[in-house]
Each structure stands twice: as structure tokens, then as C-alpha cells.
$ cat start00.txt   # compact mmCIF, C-alpha atoms
# COMPACT_ATOMS: atom_id res chain seq x y z
CA MET A 17 3.08 -42.43 -32.36
CA THR A 18 1.25 -39.34 -31.06
CA ARG A 19 -2.23 -39.01 -32.52
CA ARG A 20 -3.27 -35.40 -33.14
CA ILE A 21 -7.00 -34.78 -32.75
CA VAL A 22 -8.99 -31.56 -33.04
CA VAL A 23 -12.44 -30.93 -31.60
CA VAL A 24 -14.43 -28.12 -33.21
CA GLY A 25 -16.66 -26.82 -30.42
CA ALA A 26 -16.27 -26.40 -26.68
CA GLY A 27 -19.55 -27.73 -25.31
CA GLN A 28 -20.44 -30.71 -23.13
CA ALA A 29 -19.60 -33.38 -25.73
CA GLY A 30 -16.47 -31.82 -27.22
CA MET A 31 -14.82 -30.73 -23.98
CA LEU A 32 -15.53 -33.99 -22.19
CA LEU A 33 -13.95 -35.97 -25.04
CA ALA A 34 -10.98 -33.60 -25.37
CA LEU A 35 -10.21 -33.76 -21.66
CA GLY A 36 -10.69 -37.53 -21.57
CA LEU A 37 -8.35 -38.21 -24.48
CA GLN A 38 -5.85 -35.71 -23.10
CA ARG A 39 -5.47 -37.94 -20.03
CA HIS A 40 -4.60 -40.84 -22.33
CA GLY A 41 -1.74 -38.99 -24.02
CA TYR A 42 -3.42 -37.73 -27.18
CA GLU A 43 -2.31 -34.37 -28.52
CA MET A 44 -5.58 -32.45 -28.32
CA THR A 45 -6.69 -29.14 -29.81
CA VAL A 46 -10.04 -27.50 -29.10
CA ILE A 47 -11.45 -24.74 -31.28
CA ALA A 48 -13.72 -22.52 -29.20
CA GLU A 49 -15.60 -19.43 -30.33
CA ARG A 50 -15.33 -17.81 -26.90
CA THR A 51 -12.74 -17.64 -24.15
CA ALA A 52 -13.40 -19.10 -20.72
CA GLU A 53 -14.03 -15.60 -19.37
CA GLU A 54 -16.40 -14.73 -22.22
CA LEU A 55 -18.36 -17.92 -21.54
CA ARG A 56 -18.55 -17.27 -17.82
CA THR A 57 -19.81 -13.69 -18.19
CA GLY A 58 -22.07 -14.26 -21.21
CA ARG A 59 -25.72 -15.18 -21.69
CA VAL A 60 -27.07 -18.40 -20.20
CA ILE A 61 -26.55 -21.25 -22.67
CA SER A 62 -29.07 -23.89 -21.65
CA ASN A 63 -31.15 -25.46 -18.92
CA GLN A 64 -29.65 -28.85 -18.20
CA CYS A 65 -29.89 -31.75 -15.79
CA ILE A 66 -27.32 -34.55 -15.89
CA PHE A 67 -28.38 -37.85 -14.38
CA GLU A 68 -26.28 -40.49 -12.68
CA ARG A 69 -25.19 -42.57 -15.70
CA ALA A 70 -23.82 -39.52 -17.50
CA LEU A 71 -22.34 -38.05 -14.31
CA GLN A 72 -20.34 -41.23 -13.81
CA HIS A 73 -18.41 -40.58 -17.01
CA GLU A 74 -17.53 -37.07 -15.87
CA ARG A 75 -16.39 -38.45 -12.53
CA SER A 76 -14.33 -41.20 -14.15
CA GLN A 77 -12.38 -38.49 -15.97
CA GLY A 78 -11.78 -36.51 -12.78
CA LEU A 79 -13.97 -33.67 -14.00
CA ASN A 80 -16.60 -33.58 -11.25
CA PHE A 81 -15.54 -30.18 -9.93
CA TRP A 82 -18.94 -29.25 -8.49
CA ASP A 83 -20.09 -32.27 -6.47
CA GLU A 84 -19.66 -30.41 -3.19
CA LYS A 85 -21.21 -27.19 -4.48
CA ALA A 86 -24.11 -28.09 -6.77
CA PRO A 87 -27.51 -28.57 -5.08
CA PRO A 88 -28.55 -32.21 -5.52
CA VAL A 89 -31.49 -32.94 -7.80
CA ASN A 90 -33.17 -35.61 -5.70
CA GLY A 91 -36.31 -36.62 -7.55
CA ILE A 92 -38.97 -36.09 -10.20
CA ALA A 93 -42.29 -34.37 -9.46
CA PHE A 94 -45.03 -34.67 -12.07
CA GLY A 95 -48.26 -32.72 -12.48
CA ALA A 96 -50.89 -32.60 -15.23
CA GLY A 97 -53.38 -29.74 -15.35
CA GLN A 98 -56.63 -28.84 -17.07
CA PRO A 99 -57.93 -25.38 -18.05
CA GLY A 100 -59.78 -23.62 -15.25
CA VAL A 101 -58.67 -26.13 -12.60
CA PRO A 102 -56.30 -24.57 -10.04
CA GLU A 103 -54.79 -27.87 -8.88
CA PRO A 104 -53.33 -30.63 -11.08
CA VAL A 105 -55.62 -33.53 -11.90
CA ILE A 106 -52.64 -35.89 -11.66
CA ARG A 107 -49.80 -35.31 -9.23
CA TRP A 108 -46.98 -37.44 -7.86
CA GLU A 109 -43.35 -37.34 -6.74
CA SER A 110 -40.65 -39.98 -6.79
CA PRO A 111 -37.06 -39.93 -5.54
CA LEU A 112 -34.20 -40.74 -7.88
CA GLU A 113 -31.98 -43.66 -6.90
CA GLN A 114 -28.95 -41.36 -7.17
CA PRO A 115 -29.09 -37.55 -7.23
CA ALA A 116 -28.80 -35.78 -10.56
CA GLN A 117 -27.02 -32.45 -10.97
CA SER A 118 -27.49 -29.23 -12.91
CA VAL A 119 -24.43 -27.02 -13.42
CA ASP A 120 -24.79 -23.87 -15.50
CA GLN A 121 -22.99 -24.57 -18.78
CA ARG A 122 -21.27 -21.18 -18.54
CA LEU A 123 -19.62 -22.33 -15.33
CA LYS A 124 -18.88 -25.88 -16.46
CA MET A 125 -17.45 -25.06 -19.87
CA SER A 126 -15.34 -22.15 -18.63
CA ASP A 127 -13.90 -24.34 -15.88
CA TRP A 128 -13.26 -27.20 -18.31
CA LEU A 129 -11.56 -24.91 -20.84
CA THR A 130 -9.34 -23.58 -18.08
CA GLU A 131 -8.48 -27.11 -16.95
CA PHE A 132 -7.80 -28.22 -20.53
CA ALA A 133 -5.29 -25.39 -20.97
CA ARG A 134 -3.74 -26.12 -17.57
CA ARG A 135 -3.11 -29.69 -18.68
CA GLY A 136 -1.30 -28.48 -21.79
CA GLY A 137 -4.09 -28.59 -24.36
CA GLU A 138 -4.13 -26.16 -27.28
CA ILE A 139 -7.10 -23.81 -27.56
CA ARG A 140 -7.73 -21.84 -30.73
CA HIS A 141 -10.39 -19.16 -30.58
CA ASP A 142 -12.22 -19.09 -33.89
CA ARG A 143 -15.58 -19.76 -35.51
CA VAL A 144 -15.07 -22.64 -37.93
CA GLU A 145 -17.41 -22.86 -40.88
CA PRO A 146 -17.65 -26.00 -43.07
CA ASP A 147 -15.15 -24.52 -45.54
CA GLY A 148 -12.60 -24.28 -42.75
CA LEU A 149 -12.63 -28.01 -42.01
CA ALA A 150 -10.40 -28.83 -44.99
CA ALA A 151 -7.34 -27.16 -43.47
CA LEU A 152 -7.98 -28.96 -40.19
CA ALA A 153 -8.34 -32.33 -41.93
CA ARG A 154 -4.91 -31.83 -43.51
CA GLU A 155 -3.35 -30.87 -40.18
CA PHE A 156 -4.89 -33.44 -37.80
CA ASP A 157 -5.36 -37.20 -37.75
CA LEU A 158 -9.01 -36.82 -36.74
CA VAL A 159 -11.47 -33.93 -36.94
CA LEU A 160 -14.50 -34.07 -34.63
CA VAL A 161 -17.29 -31.55 -35.16
CA ALA A 162 -19.08 -30.76 -31.89
CA ALA A 163 -20.34 -27.33 -32.87
CA GLY A 164 -23.83 -27.67 -31.43
CA ARG A 165 -27.21 -27.81 -33.11
CA GLY A 166 -26.71 -24.83 -35.46
CA PRO A 167 -27.60 -25.27 -39.13
CA GLN A 168 -24.17 -24.41 -40.56
CA PHE A 169 -23.08 -28.06 -40.81
CA GLY A 170 -26.43 -29.38 -42.05
CA ARG A 171 -25.27 -29.95 -45.60
CA LEU A 172 -22.13 -31.76 -44.51
CA PHE A 173 -23.94 -34.18 -42.21
CA ALA A 174 -27.10 -35.20 -44.02
CA ARG A 175 -30.40 -35.56 -42.18
CA ARG A 176 -31.52 -39.18 -41.83
CA PRO A 177 -35.26 -39.00 -42.54
CA GLU A 178 -35.97 -42.53 -41.31
CA LEU A 179 -34.78 -41.47 -37.84
CA SER A 180 -36.02 -37.85 -37.97
CA PRO A 181 -39.84 -37.65 -37.98
CA PHE A 182 -39.91 -33.84 -37.69
CA THR A 183 -38.79 -31.37 -40.33
CA GLY A 184 -39.10 -28.28 -38.12
CA PRO A 185 -39.34 -27.18 -34.49
CA GLN A 186 -42.17 -28.58 -32.41
CA ARG A 187 -42.00 -26.20 -29.45
CA ALA A 188 -41.24 -22.59 -28.58
CA ILE A 189 -38.89 -22.84 -25.64
CA ALA A 190 -37.76 -20.33 -23.03
CA LEU A 191 -35.83 -20.51 -19.79
CA MET A 192 -34.83 -18.25 -16.94
CA TYR A 193 -32.76 -18.50 -13.76
CA LEU A 194 -34.37 -17.19 -10.58
CA THR A 195 -32.72 -16.05 -7.39
CA PRO A 196 -32.60 -16.88 -4.59
CA ASN A 197 -32.83 -20.68 -4.62
CA GLN A 198 -35.41 -20.72 -1.85
CA PRO A 199 -35.57 -23.71 0.53
CA GLU A 200 -39.26 -24.24 -0.22
CA PHE A 201 -38.52 -24.88 -3.90
CA TYR A 202 -38.74 -28.57 -4.78
CA GLN A 203 -35.19 -29.95 -4.83
CA GLY A 204 -35.76 -32.07 -7.90
CA VAL A 205 -37.09 -31.77 -11.43
CA THR A 206 -40.68 -30.55 -11.60
CA PHE A 207 -42.30 -31.76 -14.83
CA ALA A 208 -45.76 -30.39 -15.58
CA LEU A 209 -48.12 -30.95 -18.51
CA ALA A 210 -50.85 -28.57 -19.68
CA PRO A 211 -52.93 -28.60 -22.88
CA ASP A 212 -50.70 -25.95 -24.48
CA GLY A 213 -47.28 -27.14 -23.41
CA GLU A 214 -44.94 -28.15 -20.62
CA TRP A 215 -43.02 -26.73 -17.67
CA PHE A 216 -39.77 -27.86 -16.06
CA SER A 217 -37.94 -26.44 -13.06
CA LEU A 218 -34.99 -27.52 -10.93
CA PRO A 219 -32.18 -26.26 -8.67
CA VAL A 220 -29.04 -25.18 -10.55
CA LEU A 221 -25.49 -24.20 -9.63
CA SER A 222 -24.92 -21.03 -11.66
CA VAL A 223 -21.91 -18.75 -12.07
CA THR A 224 -23.29 -16.71 -9.16
CA GLY A 225 -24.12 -19.67 -6.92
CA PRO A 226 -27.32 -21.70 -6.39
CA VAL A 227 -30.33 -20.53 -8.42
CA TYR A 228 -33.59 -22.05 -9.62
CA GLY A 229 -34.11 -22.73 -13.32
CA VAL A 230 -37.56 -22.56 -14.91
CA TYR A 231 -38.27 -23.73 -18.44
CA PHE A 232 -41.33 -23.32 -20.68
CA SER A 233 -42.13 -25.47 -23.70
CA GLY A 234 -45.11 -24.36 -25.79
CA TYR A 235 -46.90 -25.70 -28.84
CA LEU A 236 -46.11 -23.54 -31.85
CA GLY A 237 -48.78 -20.93 -32.44
CA GLY A 238 -50.37 -21.56 -29.06
CA PRO A 239 -50.58 -19.29 -26.01
CA LEU A 240 -47.24 -20.59 -24.65
CA ASP A 241 -45.53 -19.55 -27.88
CA CYS A 242 -45.24 -16.06 -26.44
CA TRP A 243 -41.53 -15.22 -26.27
CA ASP A 244 -40.61 -13.71 -29.64
CA ASP A 245 -41.10 -10.09 -28.57
CA ILE A 246 -39.30 -10.33 -25.23
CA ARG A 247 -37.22 -7.17 -24.72
CA ASP A 248 -35.22 -7.95 -21.57
CA VAL A 249 -35.20 -10.16 -18.50
CA GLU A 250 -37.77 -8.03 -16.64
CA HIS A 251 -40.17 -8.37 -19.57
CA PHE A 252 -39.47 -12.10 -19.66
CA PHE A 253 -40.30 -12.40 -15.96
CA GLU A 254 -43.57 -10.52 -16.48
CA VAL A 255 -44.64 -12.77 -19.36
CA ALA A 256 -43.51 -15.87 -17.48
CA THR A 257 -45.55 -14.94 -14.41
CA LYS A 258 -48.70 -14.57 -16.52
CA ALA A 259 -47.98 -17.86 -18.30
CA VAL A 260 -47.61 -19.75 -15.03
CA ASP A 261 -50.77 -18.21 -13.57
CA ARG A 262 -52.75 -19.26 -16.64
CA HIS A 263 -51.32 -22.68 -17.51
CA PHE A 264 -49.67 -24.04 -14.34
CA PRO A 265 -51.43 -22.23 -11.47
CA TRP A 266 -50.34 -24.75 -8.82
CA LEU A 267 -46.73 -23.76 -9.63
CA ALA A 268 -47.32 -20.00 -9.41
CA PRO A 269 -45.70 -19.74 -5.94
CA ILE A 270 -42.34 -20.47 -7.55
CA LEU A 271 -42.37 -17.00 -9.10
CA ARG A 272 -43.55 -15.27 -5.95
CA ASN A 273 -41.03 -13.50 -3.70
CA THR A 274 -38.21 -14.01 -6.18
CA ALA A 275 -36.71 -12.27 -9.22
CA PRO A 276 -34.56 -12.97 -12.28
CA ASN A 277 -31.00 -13.82 -11.31
CA GLY A 278 -29.39 -11.44 -13.80
CA PRO A 279 -29.90 -9.54 -17.06
CA LEU A 280 -28.36 -12.37 -19.15
CA ASP A 281 -30.05 -15.23 -17.32
CA TYR A 282 -32.81 -15.92 -19.82
CA LEU A 283 -32.99 -17.60 -23.20
CA LYS A 284 -35.59 -18.29 -25.89
CA GLY A 285 -35.62 -20.23 -29.14
CA LYS A 286 -36.82 -23.21 -31.14
CA VAL A 287 -35.09 -26.54 -31.80
CA THR A 288 -35.62 -28.96 -34.69
CA PRO A 289 -35.06 -32.56 -33.57
CA VAL A 290 -32.86 -34.39 -36.08
CA VAL A 291 -30.55 -37.37 -36.44
CA ARG A 292 -27.77 -36.83 -38.97
CA ASP A 293 -25.34 -39.05 -40.81
CA PRO A 294 -22.31 -38.67 -38.54
CA VAL A 295 -19.72 -38.91 -41.32
CA GLY A 296 -19.12 -35.86 -43.49
CA THR A 297 -17.04 -35.95 -46.68
CA LEU A 298 -15.01 -32.88 -47.61
CA ASP A 299 -14.37 -31.77 -51.17
CA PHE A 300 -11.01 -33.54 -51.39
CA GLY A 301 -12.37 -36.77 -49.91
CA ALA A 302 -11.31 -36.48 -46.27
CA LYS A 303 -13.82 -37.60 -43.64
CA VAL A 304 -14.86 -35.73 -40.50
CA LEU A 305 -16.97 -37.05 -37.63
CA ALA A 306 -19.95 -35.30 -36.00
CA MET A 307 -20.66 -35.69 -32.29
CA GLY A 308 -23.07 -34.41 -29.67
CA ASP A 309 -25.87 -32.16 -30.90
CA THR A 310 -24.23 -31.90 -34.33
CA ALA A 311 -24.96 -35.61 -34.83
CA VAL A 312 -28.15 -36.06 -32.77
CA THR A 313 -30.31 -33.10 -31.75
CA ASN A 314 -33.20 -33.77 -29.38
CA ASP A 315 -35.83 -31.29 -28.33
CA PRO A 316 -35.03 -30.43 -24.68
CA ILE A 317 -38.41 -31.75 -23.52
CA ALA A 318 -36.94 -34.95 -22.03
CA GLY A 319 -33.86 -33.28 -20.57
CA GLN A 320 -31.52 -35.54 -22.51
CA GLY A 321 -29.23 -33.09 -24.33
CA ALA A 322 -26.32 -32.88 -21.87
CA ASN A 323 -26.74 -36.54 -20.97
CA MET A 324 -26.46 -37.66 -24.57
CA ALA A 325 -23.44 -35.39 -25.02
CA ALA A 326 -21.72 -37.19 -22.15
CA HIS A 327 -22.69 -40.61 -23.50
CA CYS A 328 -21.41 -39.62 -26.93
CA ALA A 329 -18.07 -38.52 -25.47
CA ALA A 330 -17.78 -41.83 -23.58
CA ALA A 331 -18.59 -43.93 -26.66
CA TYR A 332 -16.24 -42.00 -28.94
CA GLN A 333 -13.42 -42.04 -26.40
CA GLN A 334 -13.56 -45.80 -26.01
CA THR A 335 -13.69 -46.33 -29.78
CA ILE A 336 -10.68 -44.05 -30.29
CA LEU A 337 -8.72 -45.89 -27.61
CA ASP A 338 -9.65 -49.22 -29.19
CA GLN A 339 -8.47 -47.98 -32.59
CA GLY A 340 -4.86 -47.71 -31.44
CA ASP A 341 -2.54 -46.73 -34.28
CA ARG A 342 -4.97 -47.68 -37.04
CA PRO A 343 -6.26 -44.86 -39.26
CA PHE A 344 -9.37 -42.92 -38.31
CA ASP A 345 -11.22 -43.96 -41.47
CA GLU A 346 -14.93 -44.04 -42.28
CA GLU A 347 -15.34 -47.55 -40.87
CA PHE A 348 -13.95 -46.34 -37.54
CA MET A 349 -16.25 -43.30 -37.56
CA ARG A 350 -19.37 -45.35 -38.18
CA ARG A 351 -18.34 -47.79 -35.47
CA ALA A 352 -17.93 -44.90 -33.02
CA PHE A 353 -21.36 -43.52 -33.82
CA ASP A 354 -23.01 -46.95 -33.71
CA ARG A 355 -21.63 -47.44 -30.21
CA PHE A 356 -23.19 -44.12 -29.18
CA TRP A 357 -26.45 -44.89 -30.99
CA GLN A 358 -27.07 -47.91 -28.79
CA THR A 359 -27.79 -45.39 -26.03
CA ALA A 360 -28.99 -42.44 -28.09
CA LYS A 361 -31.76 -44.31 -29.92
CA HIS A 362 -33.74 -44.65 -26.69
CA ALA A 363 -33.37 -40.95 -25.84
CA VAL A 364 -34.46 -39.98 -29.36
CA ARG A 365 -37.62 -42.08 -29.12
CA PHE A 366 -38.38 -40.85 -25.58
CA SER A 367 -37.88 -37.19 -26.53
CA ASN A 368 -39.83 -37.39 -29.79
CA ASP A 369 -42.78 -39.19 -28.18
CA LEU A 370 -43.06 -36.54 -25.47
CA LEU A 371 -43.61 -33.96 -28.23
CA SER A 372 -46.96 -35.56 -29.06
CA PRO A 373 -50.03 -35.65 -26.79
CA PRO A 374 -49.71 -38.68 -24.49
CA PRO A 375 -51.73 -41.67 -25.73
CA PRO A 376 -54.28 -43.30 -23.40
CA HIS A 377 -51.93 -45.98 -22.06
CA VAL A 378 -49.35 -43.33 -21.08
CA LEU A 379 -52.03 -41.23 -19.36
CA ALA A 380 -53.12 -44.39 -17.56
CA THR A 381 -49.52 -44.87 -16.44
CA PHE A 382 -49.36 -41.29 -15.11
CA GLN A 383 -52.62 -41.84 -13.24
CA ALA A 384 -51.40 -45.14 -11.80
CA ALA A 385 -48.20 -43.43 -10.63
CA GLN A 386 -50.34 -41.13 -8.49
CA GLU A 387 -51.56 -44.15 -6.54
CA ASN A 388 -48.60 -46.52 -6.81
CA PRO A 389 -45.06 -45.31 -6.04
CA VAL A 390 -43.61 -48.29 -7.91
CA VAL A 391 -45.02 -46.93 -11.17
CA ALA A 392 -43.86 -43.41 -10.33
CA HIS A 393 -40.36 -44.65 -9.59
CA ARG A 394 -40.16 -46.58 -12.85
CA PHE A 395 -41.18 -43.53 -14.87
CA ALA A 396 -38.81 -41.22 -12.96
CA ALA A 397 -35.95 -43.63 -13.67
CA LEU A 398 -36.44 -43.14 -17.42
CA PHE A 399 -34.67 -39.80 -17.30
CA ASN A 400 -31.49 -41.53 -16.13
CA ASP A 401 -31.81 -44.61 -18.33
CA ASN A 402 -34.25 -44.42 -21.25
CA SER A 403 -33.65 -48.00 -22.43
CA ASP A 404 -36.62 -49.16 -20.37
CA TYR A 405 -38.88 -46.76 -22.26
CA THR A 406 -38.73 -48.53 -25.61
CA ALA A 407 -39.47 -51.87 -23.98
CA TRP A 408 -42.35 -50.48 -21.91
CA LEU A 409 -44.28 -47.31 -22.78
CA THR A 410 -43.93 -47.56 -26.56
CA ASP A 411 -46.14 -50.67 -26.50
CA GLU A 412 -49.73 -50.24 -25.31
CA LYS A 413 -50.20 -53.96 -24.54
CA VAL A 414 -46.99 -54.16 -22.51
CA ALA A 415 -47.82 -50.97 -20.62
CA MET A 416 -51.37 -52.02 -19.74
CA ALA A 417 -50.24 -55.55 -18.82
CA TYR A 418 -47.71 -54.03 -16.43
CA LEU A 419 -50.40 -51.94 -14.73
CA ALA A 420 -52.67 -54.98 -14.54
CA SER A 421 -49.92 -57.03 -12.90
CA LEU A 422 -49.50 -54.40 -10.19
CA ALA A 423 -53.23 -54.22 -9.57
$ encode --input "start00.txt" --output "C-alpha cells"
Amino acid sequence: MTRRIVVVGAGQAGMLLALGLQRHGYEMTVIAERTAEELRTGRVISNQCIFERALQHERSQGLNFWDEKAPPVNGIAFGAGQPGVPEPVIRWESPLEQPAQSVDQRLKMSDWLTEFARRGGEIRHDRVEPDGLAALAREFDLVLVAAGRGPQFGRLFARRPELSPFTGPQRAIALMYLTPNQPEFYQGVTFALAPDGEWFSLPVLSVTGPVYGVYFSGYLGGPLDCWDDIRDVEHFFEVATKAVDRHFPWLAPILRNTAPNGPLDYLKGKVTPVVRDPVGTLDFGAKVLAMGDTAVTNDPIAGQGANMAAHCAAAYQQTILDQGDRPFDEEFMRRAFDRFWQTAKHAVRFSNDLLSPPPPHVLATFQAAQENPVVAHRFAALFNDNSDYTAWLTDEKVAMAYLASLA
């Protein structure tokens, strides 16, 4: 029996699952708002870095189209600054055990949509609202909603307050791609802390080739919440240069002798972190399943969005394969999400904790990492596998005992 499955949304989670199931003989349909060409030529979608565990799932599906083209992300560099001090008071670097990778989502999703169609998948170009899910539920055996973090499906998939400590955005965020990707740029993720927010930067493979992505994360109402009135990319670059000079002066050379990569290569916004009930019930009783950012939305501060999307696709794919010919009922849906949650719960805690000022034992860990590469390496590894975080840095006694053991 051929199982017919539809994925609403053409992002990292939805496309990876659709392409994966397609290889296993499922009759797959993807509903995408934009064509591959519209995606490729449109505004930048996100700043992303996918680490080794998530990359392995892409590679296992034969979807690693950019391994020979994307600049490797080889490590994590950390810096913490204080007002009026030109150099960071804490600074360290650590290599990653395996390189990470950042591929512009415009490039990745347009290529994946093209590949999906080449393999015989059906693509429907439409914007599906919650009211439109009923017709899909009658047509398909399973409806997966991977429509991103937008609010339109909020009523269908209820917020789980016990897992969602925030009721609104915690940061004003902004990103920009710079060109050229200069050799002197650090070929890893630069993560910087300042009293008013955070900075991230890394090498990216964009639609135009290698670029350098810079990302600002500012406390709401603070001086790094300065992007609302941005008019165009030149204005963005001007504001960004002033922000770096003031808050991250040791990183100011990154914006020297370079320029924005293109008029659509900047983005600004705010994200509310939330965990939702993954099962939605339609008016006539049919069930639909949320995935990716629709189910679990993290603030981008920990760089986990695209990684969790890949882990979600992997967990859902395996659960669907295990289900065989049995119906895709609510029990199946909750089992699929629970499998994903075993990974996602660590990323949620890691991301949410980074939104608060670091407690003394975490600051002590950052300081120790400056002197001891073992500590730096352990922290850098959290971005690839966050499971160590909940067993380590969430517990002050465990964290301080670890530092004492090294001393």
C-alpha cells in the first residue's frame, strides 16, 4: 500500500523529511509558498550553522550537495567584553572535532526543491492557512505542518507553558552577509558576549559563493535593539558598524575593508521561544502533526534552529518507517514527537539559559576555558551535542566540581 504524505512548508525540517521518505517509496507532496527560483533570488532567510550530528542525517539521505563548496566551520571562538575596554576580558578558541557547515537557506532549499521534483515529488505552490488543512487531511494519510515559527498555527498547536518560560521575544535580532569572505576572517563561529547582547559570525556558502555572516542579538529596549528603522542594506551596514565599535570593539576589523554582499542580504526581527503540543485537532476530528519550528521554536542564540530541524526530520522519518501500514493516529504522532524531544529538550534548555545573564559558575567556566583548552573544548562541543549541557552547566555543584577536578 502506498502511503500518501503531505508536508506543509519547504524549510530545513520539511524538505529533509520529504526527500528522505521519498527515497523509501512514499508518495510525497510538498506545499511551498515560493518556487525554487523565488527562494534563490529572494531575501536572506536565516543565519545558520549545522553541526556534525545534524549533517550526518543530511549525508545519509544523499543530500550533502555542498560538502566540496561550503567553507568549513572549524571551531568556536569566544569573547566576553566590558564597557570601555577595547579587548575582551575573556577570550579563547577551540577546534570542533568535525567541521560544521553553513549553507545559505536560499541555496539549500532551492536545490532541495529542485531535487525533490527531479525525483518525482509533487510540489504545490500555495500559502496554507489552518482552515486549509481540512482538505489536506481528507486527501492524505498524514499531514505534517512545517510552516516555520509564524503565529498562524498557534491556536492549532497549543503552547505548553511548562516547557515555555517566555511569553514574548527576548532579543532583537539582525543579520547580514558580508563580501568578500576574507582569509583573515576566523573560519569558525565567533561567539561574543557584551552587557547589552551577543554577536555571532561565521563563514557561509551563499547563493553568490562564500560570504561571511554576522549576527546581532540585543536585549529588548537596549542599545542593541536598534534595527526597527533600518531602510536598506547600506543603512544596516552603517548601524552595524557603529554597534560593533561600541559593543564588540575587538571584532570591529571584521567590518573594515568589506561591504554588504547584496541588497537582500540582511534580515531583522524578533523570535518568541516556545514549545507547542505537536498534535493539532481539526474541526472534524482529524489530527495533524507539527514539526520543526512549528513544534519547537528556539531563539537563535545557541545556533540550534537548523540542527533541531534536521534532528526532527530524522526522528519523524524513523517513526514513520516503523509505523508500516498502521494508521497515522494520535498515538503515532506523540511517539514521533517524543522521539524528537529526547534531543530537542537539551537544545531548548541550552538556548533558553543563554537568554539570561550567565550565572557565576558559568562565568567561572568561561574563565577556566581561557586557561584550559579541555574546558574550552567541552563547551565548544555543546553546539554539536547539547546533551552534556543539562548534565553539566545546569548544576552549579557539578560545574564547580568539574573545574576543581581539573585544577
$ atom_distance --input "start00.txt" --atom1 "atom CA of A:Gly137" --atom2 "atom CA of A:Gln28"
16.5 Å
$ residues_around --input "start00.txt" --residues "stretch 49-55 of chain A" --least-positions-apart "3" --cutoff "6 Å" --atoms "only C-alpha atoms" --output "ChimeraX atom specification"
/A:58,122,126,141-143
$ write_last_selection --input "start00.txt" --atoms "C-alpha atoms" --output "PDB file, in the coordinates of the input"
ATOM      1  CA  GLY A  58     -22.070 -14.260 -21.210  1.00  0.00           C
ATOM      2  CA  ARG A 122     -21.270 -21.180 -18.540  1.00  0.00           C
ATOM      3  CA  SER A 126     -15.340 -22.150 -18.630  1.00  0.00           C
ATOM      4  CA  HIS A 141     -10.390 -19.160 -30.580  1.00  0.00           C
ATOM      5  CA  ASP A 142     -12.220 -19.090 -33.890  1.00  0.00           C
ATOM      6  CA  ARG A 143     -15.580 -19.760 -35.510  1.00  0.00           C
TER       7      ARG A 143
END
$ closest_residue --input "start00.txt" --among "A:Gly25, A:Gly229, A:Gly204, A:Pro389" --to "A:Gly308" --atoms "only C-alpha atoms"
A:Gly25
$ closest_residue --input "start00.txt" --among "A:Thr297, A:Gln121, A:Thr224, A:Thr335" --to "A:Arg171" --atoms "all atoms listed in the file"
A:Thr297
$ atom_distance --input "start00.txt" --atom1 "atom CA of A:Ala330" --atom2 "atom CA of A:Arg20"
18.5 Å
$ residues_around --input "start00.txt" --residues "A:Val144" --least-positions-apart "4" --cutoff "10 Å" --atoms "all atoms listed in the file" --output "PyMOL selection string"
chain A and resi 24-25+47-49+148-149+152+161+163+168
$ residues_around --input "start00.txt" --residues "A:Val159" --least-positions-apart "4" --cutoff "10 Å" --atoms "all atoms listed in the file" --output "PyMOL selection string"
chain A and resi 20-24+45+149-150+152-155+302-306+344
$ write_last_selection --input "start00.txt" --atoms "C-alpha atoms" --output "PDB file, in the coordinates of the input"
ATOM      1  CA  ARG A  20      -3.270 -35.400 -33.140  1.00  0.00           C
ATOM      2  CA  ILE A  21      -7.000 -34.780 -32.750  1.00  0.00           C
ATOM      3  CA  VAL A  22      -8.990 -31.560 -33.040  1.00  0.00           C
ATOM      4  CA  VAL A  23     -12.440 -30.930 -31.600  1.00  0.00           C
ATOM      5  CA  VAL A  24     -14.430 -28.120 -33.210  1.00  0.00           C
ATOM      6  CA  THR A  45      -6.690 -29.140 -29.810  1.00  0.00           C
ATOM      7  CA  LEU A 149     -12.630 -28.010 -42.010  1.00  0.00           C
ATOM      8  CA  ALA A 150     -10.400 -28.830 -44.990  1.00  0.00           C
ATOM      9  CA  LEU A 152      -7.980 -28.960 -40.190  1.00  0.00           C
ATOM     10  CA  ALA A 153      -8.340 -32.330 -41.930  1.00  0.00           C
ATOM     11  CA  ARG A 154      -4.910 -31.830 -43.510  1.00  0.00           C
ATOM     12  CA  GLU A 155      -3.350 -30.870 -40.180  1.00  0.00           C
ATOM     13  CA  ALA A 302     -11.310 -36.480 -46.270  1.00  0.00           C
ATOM     14  CA  LYS A 303     -13.820 -37.600 -43.640  1.00  0.00           C
ATOM     15  CA  VAL A 304     -14.860 -35.730 -40.500  1.00  0.00           C
ATOM     16  CA  LEU A 305     -16.970 -37.050 -37.630  1.00  0.00           C
ATOM     17  CA  ALA A 306     -19.950 -35.300 -36.000  1.00  0.00           C
ATOM     18  CA  PHE A 344      -9.370 -42.920 -38.310  1.00  0.00           C
TER      19      PHE A 344
END
